[in-house]
Structure formats: C-alpha cells, structure tokens
Amino acid sequence: MSQKLMKVEGMWRGFHRGTEMKRSWRSLAVVLVGIVAWSAVAEVPRGEAKGSAWRHTESSAAAVVANADVALPAEVTGGDIYFGKLAQVPRIAKTKVPVILFLHGSSGLRLEAIGEWQRWLATLGYASIAPDSMVLPDRITYTSPVGKDVYEKIHALRASEITLALNALSDLAWADPRRLVLSGASEGGPAVARYASPNFAGRMIFSWSCEDNYFVDAHRTVVPSEPVLNVMSATDPFFSRRNAYIGNDGVQGHCGAALREHRNATIVLIPGAPHTLLNVPQARIAVEAWLRTTVGAGATK
C-alpha cells in the first residue's frame, strides 16, 4: 500500500519564504511528502537495560549544563560561529538572539547529527544549547524494548534537565528570554511534549509521536498555548506501525491526535526518512520556516 502527497486541515505553501509561511501555520496541519511503502513487520528483538541511576546528583546537575553543546551565531560572537561546550563559551555577547533548547536522544551528544544541526541553526541566526544527560554516573541506558518503568524513569530524568537548562539560560547574556524554543528528539521528546509551564515561545518535537505505546505508561502530552512543530518519519522504526513491539495497534505515528485541540500545531511526516532526521532536507525546510514564523530571526532590536 502506498500514500501520495496528503494535506489535512491546513495548506502547506511557501516552504522557502517565511512571509508566505505565516499564512499556513495557523491550524493543525499534517503533511506527508512523497510516497510511503509499507513492508512486513519484523520480529520483536530482545531488549536490555544497563545502569541504575536516574536522578541527577548535585555534581551531575551542574555537569549537565556545563558540558552542554552550544552553538552561537555570528551576531553573538561578532565573528565566526562558535560551537563547543557551555563551560568554554567566550564571555562575549554582542546581542541577544533566539535560543533552541534541545534534549538529545538515547545516543547522547555523541550523535554527530546534533552538532551538525546546531551549526546549521547558527547560520540562520539561532543559538542552541543541548544539555548532556549522559554525565550522570551509571545512568540508565537501554536497547529497546524494555519495561515501561525503565522508560518512565528516563523520562523523569530528562524532564529535570529542562529546569536545569532554563536556570542556566537565565544567566546567559546572549539568550533572549522572550524567544526560547523547547525541543527534543526521540528519548528527549516525551519530556518536551509533557512540559506544563509556559516558559517557551514554541516547541519542536522530533521522532516522538505523543501516543500511548511501548515507550510510556501513558503519553500525557499537554496542549500548550505556544505553537508546536512535530516532525516524524512516516516509517519511523520505533514509533510507527512498522515497529513490531509498538504496543498499540491504533497508532498514527505522529502527534496529531494528542494535539487535535491545539490551534497552532503542525505535523510534518517524511516518508522513508530515518529515525534521526534533523538534517533531512524536508525537516530543515520545515524547521526554518516554522522558526521564522514563531520567533523571527536575528538579533533583538
């Protein structure tokens, strides 16, 4: 079975022009670009969990942000784009810019795609900070599937890192507090979807479907007041029906159902995309247009 280009409740126009995009991000939009080819479901693999720590200590809480990967645009540095650890950021801030707070997935910051994505954001005028959850000694790690109790401990840990990062951002001269965007991918997605406080101008959820499945005891997605962008592979190996252990025959593979009451949510489905899709061209097009519409771009006037 295959599905061609599909548009639901809202039109997708002007990918390349931020001004045109303002007309198309008004309501919940589901976009499927390309063709989806479904194949047979694979056998359920055997999962494994390692480690026992799932609460940050005083020292690891400090290291989460000190070891965060940070990218700063040229508007901030007054020269070249900066990419490195927060603890080593030069004490230079020519201006304030929008900031994307990003929660990494289960591979941690060793996933090169994250740094590549952060550098790309910096070329557009956005700063970004990705806290390092893996600094916690003996942190729980896993190969799916494992018990929901294990996943929920991880989700609680990741939620605590949002607060740690916000506290750090409040002291950074280059961070515009009015233009903060909360984002996360895969393991980082549930914490972003569940975050209940109105501290952000928008949210981006990558590779997490906001649905009841093997990964959560219940998705518990909030419907925030700020705009939300959800970017998924239509054939995601973990959160679509392609997953043999998804644990819910009714999954849609995206956050549309959880955000159906939201007045400014956009869901983008990319057929054939990998689970790590931050740098897929279609994802970049969607992110750039959405960010310009949601928080603008460039330095604070």
# chains A, B, ... in the order shown; residues from 1 in each chain; ligands from 1
>>> residues_around(residues="Ser207 of chain A", least_positions_apart="2", cutoff="7 Å", atoms="only C-alpha atoms", output="PyMOL selection string")
chain A and resi 185-186+205+209+231-233+275
>>> residues_around(residues="Phe200 of chain A", least_positions_apart="4", cutoff="7 Å", atoms="only C-alpha atoms", output="JSON, numbers by chain")
{"A": [180, 181, 182]}
>>> write_last_selection(atoms="C-alpha atoms", output="CSV table (one decimal), in the first residue's frame")
chain,number,residue,atom,x,y,z
A,180,LEU,CA,13.2,30.4,23.8
A,181,VAL,CA,12.1,27.3,21.9
A,182,LEU,CA,12.0,23.9,23.7
>>> residues_around(residues="Phe83 of chain A", least_positions_apart="6", cutoff="12 Å", atoms="only C-alpha atoms", output="list in words")
Ala68, Asp69, Val70, Ala71, Leu72, Pro73, Ala74, Thr77, Val89, Pro90, Ile114, Gly115, Glu116, Trp117, Gln118, Arg119, Trp120, Leu121, Ala122, Thr123, Ala127, Ser128, Ile129 and Ala130 of chain A
>>> write_last_selection(atoms="C-alpha atoms", output="PDB file, in the first residue's frame")
ATOM      1  CA  ALA A  68      26.150  21.106  27.074  1.00  0.00           C
ATOM      2  CA  ASP A  69      26.921  21.604  23.404  1.00  0.00           C
ATOM      3  CA  VAL A  70      26.341  25.230  22.421  1.00  0.00           C
ATOM      4  CA  ALA A  71      26.259  26.901  19.030  1.00  0.00           C
ATOM      5  CA  LEU A  72      26.246  30.686  18.742  1.00  0.00           C
ATOM      6  CA  PRO A  73      25.604  32.647  15.549  1.00  0.00           C
ATOM      7  CA  ALA A  74      27.926  35.326  14.215  1.00  0.00           C
ATOM      8  CA  THR A  77      30.281  36.432  18.623  1.00  0.00           C
ATOM      9  CA  VAL A  89      31.810  29.794  25.715  1.00  0.00           C
ATOM     10  CA  PRO A  90      33.695  33.107  25.344  1.00  0.00           C
ATOM     11  CA  ILE A 114      23.057  17.033  16.632  1.00  0.00           C
ATOM     12  CA  GLY A 115      26.164  19.193  16.321  1.00  0.00           C
ATOM     13  CA  GLU A 116      25.619  19.450  12.575  1.00  0.00           C
ATOM     14  CA  TRP A 117      22.063  20.627  13.180  1.00  0.00           C
ATOM     15  CA  GLN A 118      23.161  23.155  15.807  1.00  0.00           C
ATOM     16  CA  ARG A 119      25.744  24.642  13.458  1.00  0.00           C
ATOM     17  CA  TRP A 120      23.100  24.910  10.763  1.00  0.00           C
ATOM     18  CA  LEU A 121      20.756  26.723  13.168  1.00  0.00           C
ATOM     19  CA  ALA A 122      23.563  29.173  13.934  1.00  0.00           C
ATOM     20  CA  THR A 123      23.871  30.053  10.245  1.00  0.00           C
ATOM     21  CA  ALA A 127      21.685  29.973  19.226  1.00  0.00           C
ATOM     22  CA  SER A 128      21.174  26.488  20.625  1.00  0.00           C
ATOM     23  CA  ILE A 129      22.054  24.564  23.751  1.00  0.00           C
ATOM     24  CA  ALA A 130      21.936  20.772  24.139  1.00  0.00           C
TER      25      ALA A 130
END
>>> select_by_dssp(residues="segment 41-210 of chain A", states="strand (DSSP E)", output="ChimeraX atom specification")
/A:48-50,69-72,82-85,97-103,127-130,141-143,175-185,202-206
>>> write_last_selection(atoms="N, CA and C atoms", output="CSV table (one decimal), in the first residue's frame")
chain,number,residue,atom,x,y,z
A,48,GLU,N,17.5,-4.7,26.4
A,48,GLU,CA,18.3,-4.8,27.6
A,48,GLU,C,18.5,-3.4,28.2
A,49,ALA,N,18.5,-3.3,29.5
A,49,ALA,CA,18.8,-2.1,30.2
A,49,ALA,C,20.0,-2.3,31.1
A,50,LYS,N,20.8,-1.2,31.1
A,50,LYS,CA,22.0,-1.2,31.9
A,50,LYS,C,22.0,0.1,32.8
A,69,ASP,N,26.4,21.1,24.7
A,69,ASP,CA,26.9,21.6,23.4
A,69,ASP,C,26.2,22.9,23.1
A,70,VAL,N,26.9,23.9,22.7
A,70,VAL,CA,26.3,25.2,22.4
A,70,VAL,C,26.8,25.7,21.1
A,71,ALA,N,25.9,26.3,20.3
A,71,ALA,CA,26.3,26.9,19.0
A,71,ALA,C,25.7,28.3,19.1
A,72,LEU,N,26.6,29.3,18.7
A,72,LEU,CA,26.2,30.7,18.7
A,72,LEU,C,26.4,31.3,17.4
A,82,TYR,N,30.4,30.0,16.9
A,82,TYR,CA,31.0,29.3,17.9
A,82,TYR,C,30.3,28.0,18.1
A,83,PHE,N,31.0,26.9,18.2
A,83,PHE,CA,30.4,25.6,18.6
A,83,PHE,C,31.4,24.9,19.6
A,84,GLY,N,30.8,24.6,20.8
A,84,GLY,CA,31.6,24.0,21.8
A,84,GLY,C,30.8,23.8,23.1
A,85,LYS,N,31.5,23.6,24.2
A,85,LYS,CA,30.8,23.3,25.5
A,85,LYS,C,30.4,24.7,26.1
A,97,VAL,N,19.8,36.7,21.0
A,97,VAL,CA,19.2,36.0,19.9
A,97,VAL,C,18.2,34.9,20.4
A,98,PRO,N,17.4,34.5,19.5
A,98,PRO,CA,16.5,33.3,19.9
A,98,PRO,C,17.4,32.1,20.2
A,99,VAL,N,16.9,31.3,21.2
A,99,VAL,CA,17.7,30.1,21.6
A,99,VAL,C,16.8,28.9,21.5
A,100,ILE,N,17.3,27.8,20.9
A,100,ILE,CA,16.7,26.5,20.9
A,100,ILE,C,17.3,25.6,22.0
A,101,LEU,N,16.5,25.2,23.0
A,101,LEU,CA,17.0,24.3,24.0
A,101,LEU,C,16.6,22.9,23.5
A,102,PHE,N,17.6,22.0,23.3
A,102,PHE,CA,17.4,20.7,22.7
A,102,PHE,C,17.8,19.6,23.6
A,103,LEU,N,16.8,18.6,23.8
A,103,LEU,CA,17.1,17.4,24.5
A,103,LEU,C,17.4,16.3,23.6
A,127,ALA,N,20.8,30.7,18.3
A,127,ALA,CA,21.7,30.0,19.2
A,127,ALA,C,21.0,28.7,19.7
A,128,SER,N,21.8,27.7,20.1
A,128,SER,CA,21.2,26.5,20.6
A,128,SER,C,22.0,25.9,21.7
A,129,ILE,N,21.4,25.2,22.6
A,129,ILE,CA,22.1,24.6,23.8
A,129,ILE,C,21.5,23.2,23.9
A,130,ALA,N,22.4,22.2,24.0
A,130,ALA,CA,21.9,20.8,24.1
A,130,ALA,C,22.6,20.2,25.4
A,141,THR,N,20.8,3.2,30.6
A,141,THR,CA,20.8,3.2,29.2
A,141,THR,C,20.1,1.9,28.8
A,142,TYR,N,19.7,1.8,27.5
A,142,TYR,CA,18.9,0.6,27.2
A,142,TYR,C,19.0,0.4,25.7
A,143,THR,N,18.6,-0.8,25.3
A,143,THR,CA,18.3,-1.2,23.9
A,143,THR,C,16.9,-1.7,24.0
A,175,ALA,N,21.1,35.0,25.4
A,175,ALA,CA,19.8,34.4,25.3
A,175,ALA,C,18.7,35.3,25.5
A,176,ASP,N,17.8,35.4,24.5
A,176,ASP,CA,16.6,36.3,24.5
A,176,ASP,C,15.5,35.5,25.3
A,177,PRO,N,15.2,35.9,26.5
A,177,PRO,CA,14.2,35.1,27.2
A,177,PRO,C,12.8,35.1,26.6
A,178,ARG,N,12.5,36.0,25.7
A,178,ARG,CA,11.2,36.0,25.1
A,178,ARG,C,11.1,35.1,23.9
A,179,ARG,N,12.3,34.6,23.5
A,179,ARG,CA,12.3,33.8,22.2
A,179,ARG,C,13.1,32.5,22.5
A,180,LEU,N,12.6,31.8,23.5
A,180,LEU,CA,13.2,30.4,23.8
A,180,LEU,C,12.3,29.4,23.2
A,181,VAL,N,12.9,28.4,22.5
A,181,VAL,CA,12.1,27.3,21.9
A,181,VAL,C,12.6,26.0,22.6
A,182,LEU,N,11.7,25.2,23.1
A,182,LEU,CA,12.0,23.9,23.7
A,182,LEU,C,11.9,22.8,22.6
A,183,SER,N,12.9,22.0,22.5
A,183,SER,CA,12.8,21.0,21.5
A,183,SER,C,13.5,19.7,22.0
A,184,GLY,N,13.2,18.6,21.4
A,184,GLY,CA,13.8,17.3,21.8
A,184,GLY,C,13.5,16.3,20.7
A,185,ALA,N,14.4,15.2,20.7
A,185,ALA,CA,14.2,14.2,19.7
A,185,ALA,C,14.2,12.8,20.4
A,202,GLY,N,7.8,28.5,21.8
A,202,GLY,CA,7.4,27.4,20.9
A,202,GLY,C,8.0,26.1,21.3
A,203,ARG,N,7.6,25.0,20.7
A,203,ARG,CA,8.1,23.7,20.9
A,203,ARG,C,8.3,22.9,19.6
A,204,MET,N,9.4,22.2,19.5
A,204,MET,CA,9.6,21.3,18.4
A,204,MET,C,9.9,19.9,18.9
A,205,ILE,N,9.1,18.9,18.4
A,205,ILE,CA,9.2,17.5,18.8
A,205,ILE,C,9.6,16.7,17.6
A,206,PHE,N,10.8,16.1,17.7
A,206,PHE,CA,11.3,15.3,16.6
A,206,PHE,C,11.2,13.8,17.0
>>> residues_around(residues="Ala283 of chain A", least_positions_apart="4", cutoff="9 Å", atoms="only C-alpha atoms", output="list in words")
Val231, Met232, Val268, Ile270, Leu277, Leu278, Asn279, Val287 and Glu288 of chain A
>>> closest_residue(among="A:Ala244, A:His56, A:Pro190, A:Ala201", to="Leu291 of chain A", atoms="only C-alpha atoms")
A:Ala201
>>> select_by_dssp(residues="segment 228-290 of chain A", states="alpha helix (DSSP H)", output="ChimeraX atom specification")
/A:281-290
>>> atom_distance(atom1="atom CA of Thr276 of chain A", atom2="atom CA of Val150 of chain A")
22.1 Å
>>> closest_residue(among="A:Ser144, A:Thr235, A:Thr95, A:Thr163", to="Val64 of chain A", atoms="only C-alpha atoms")
A:Thr163
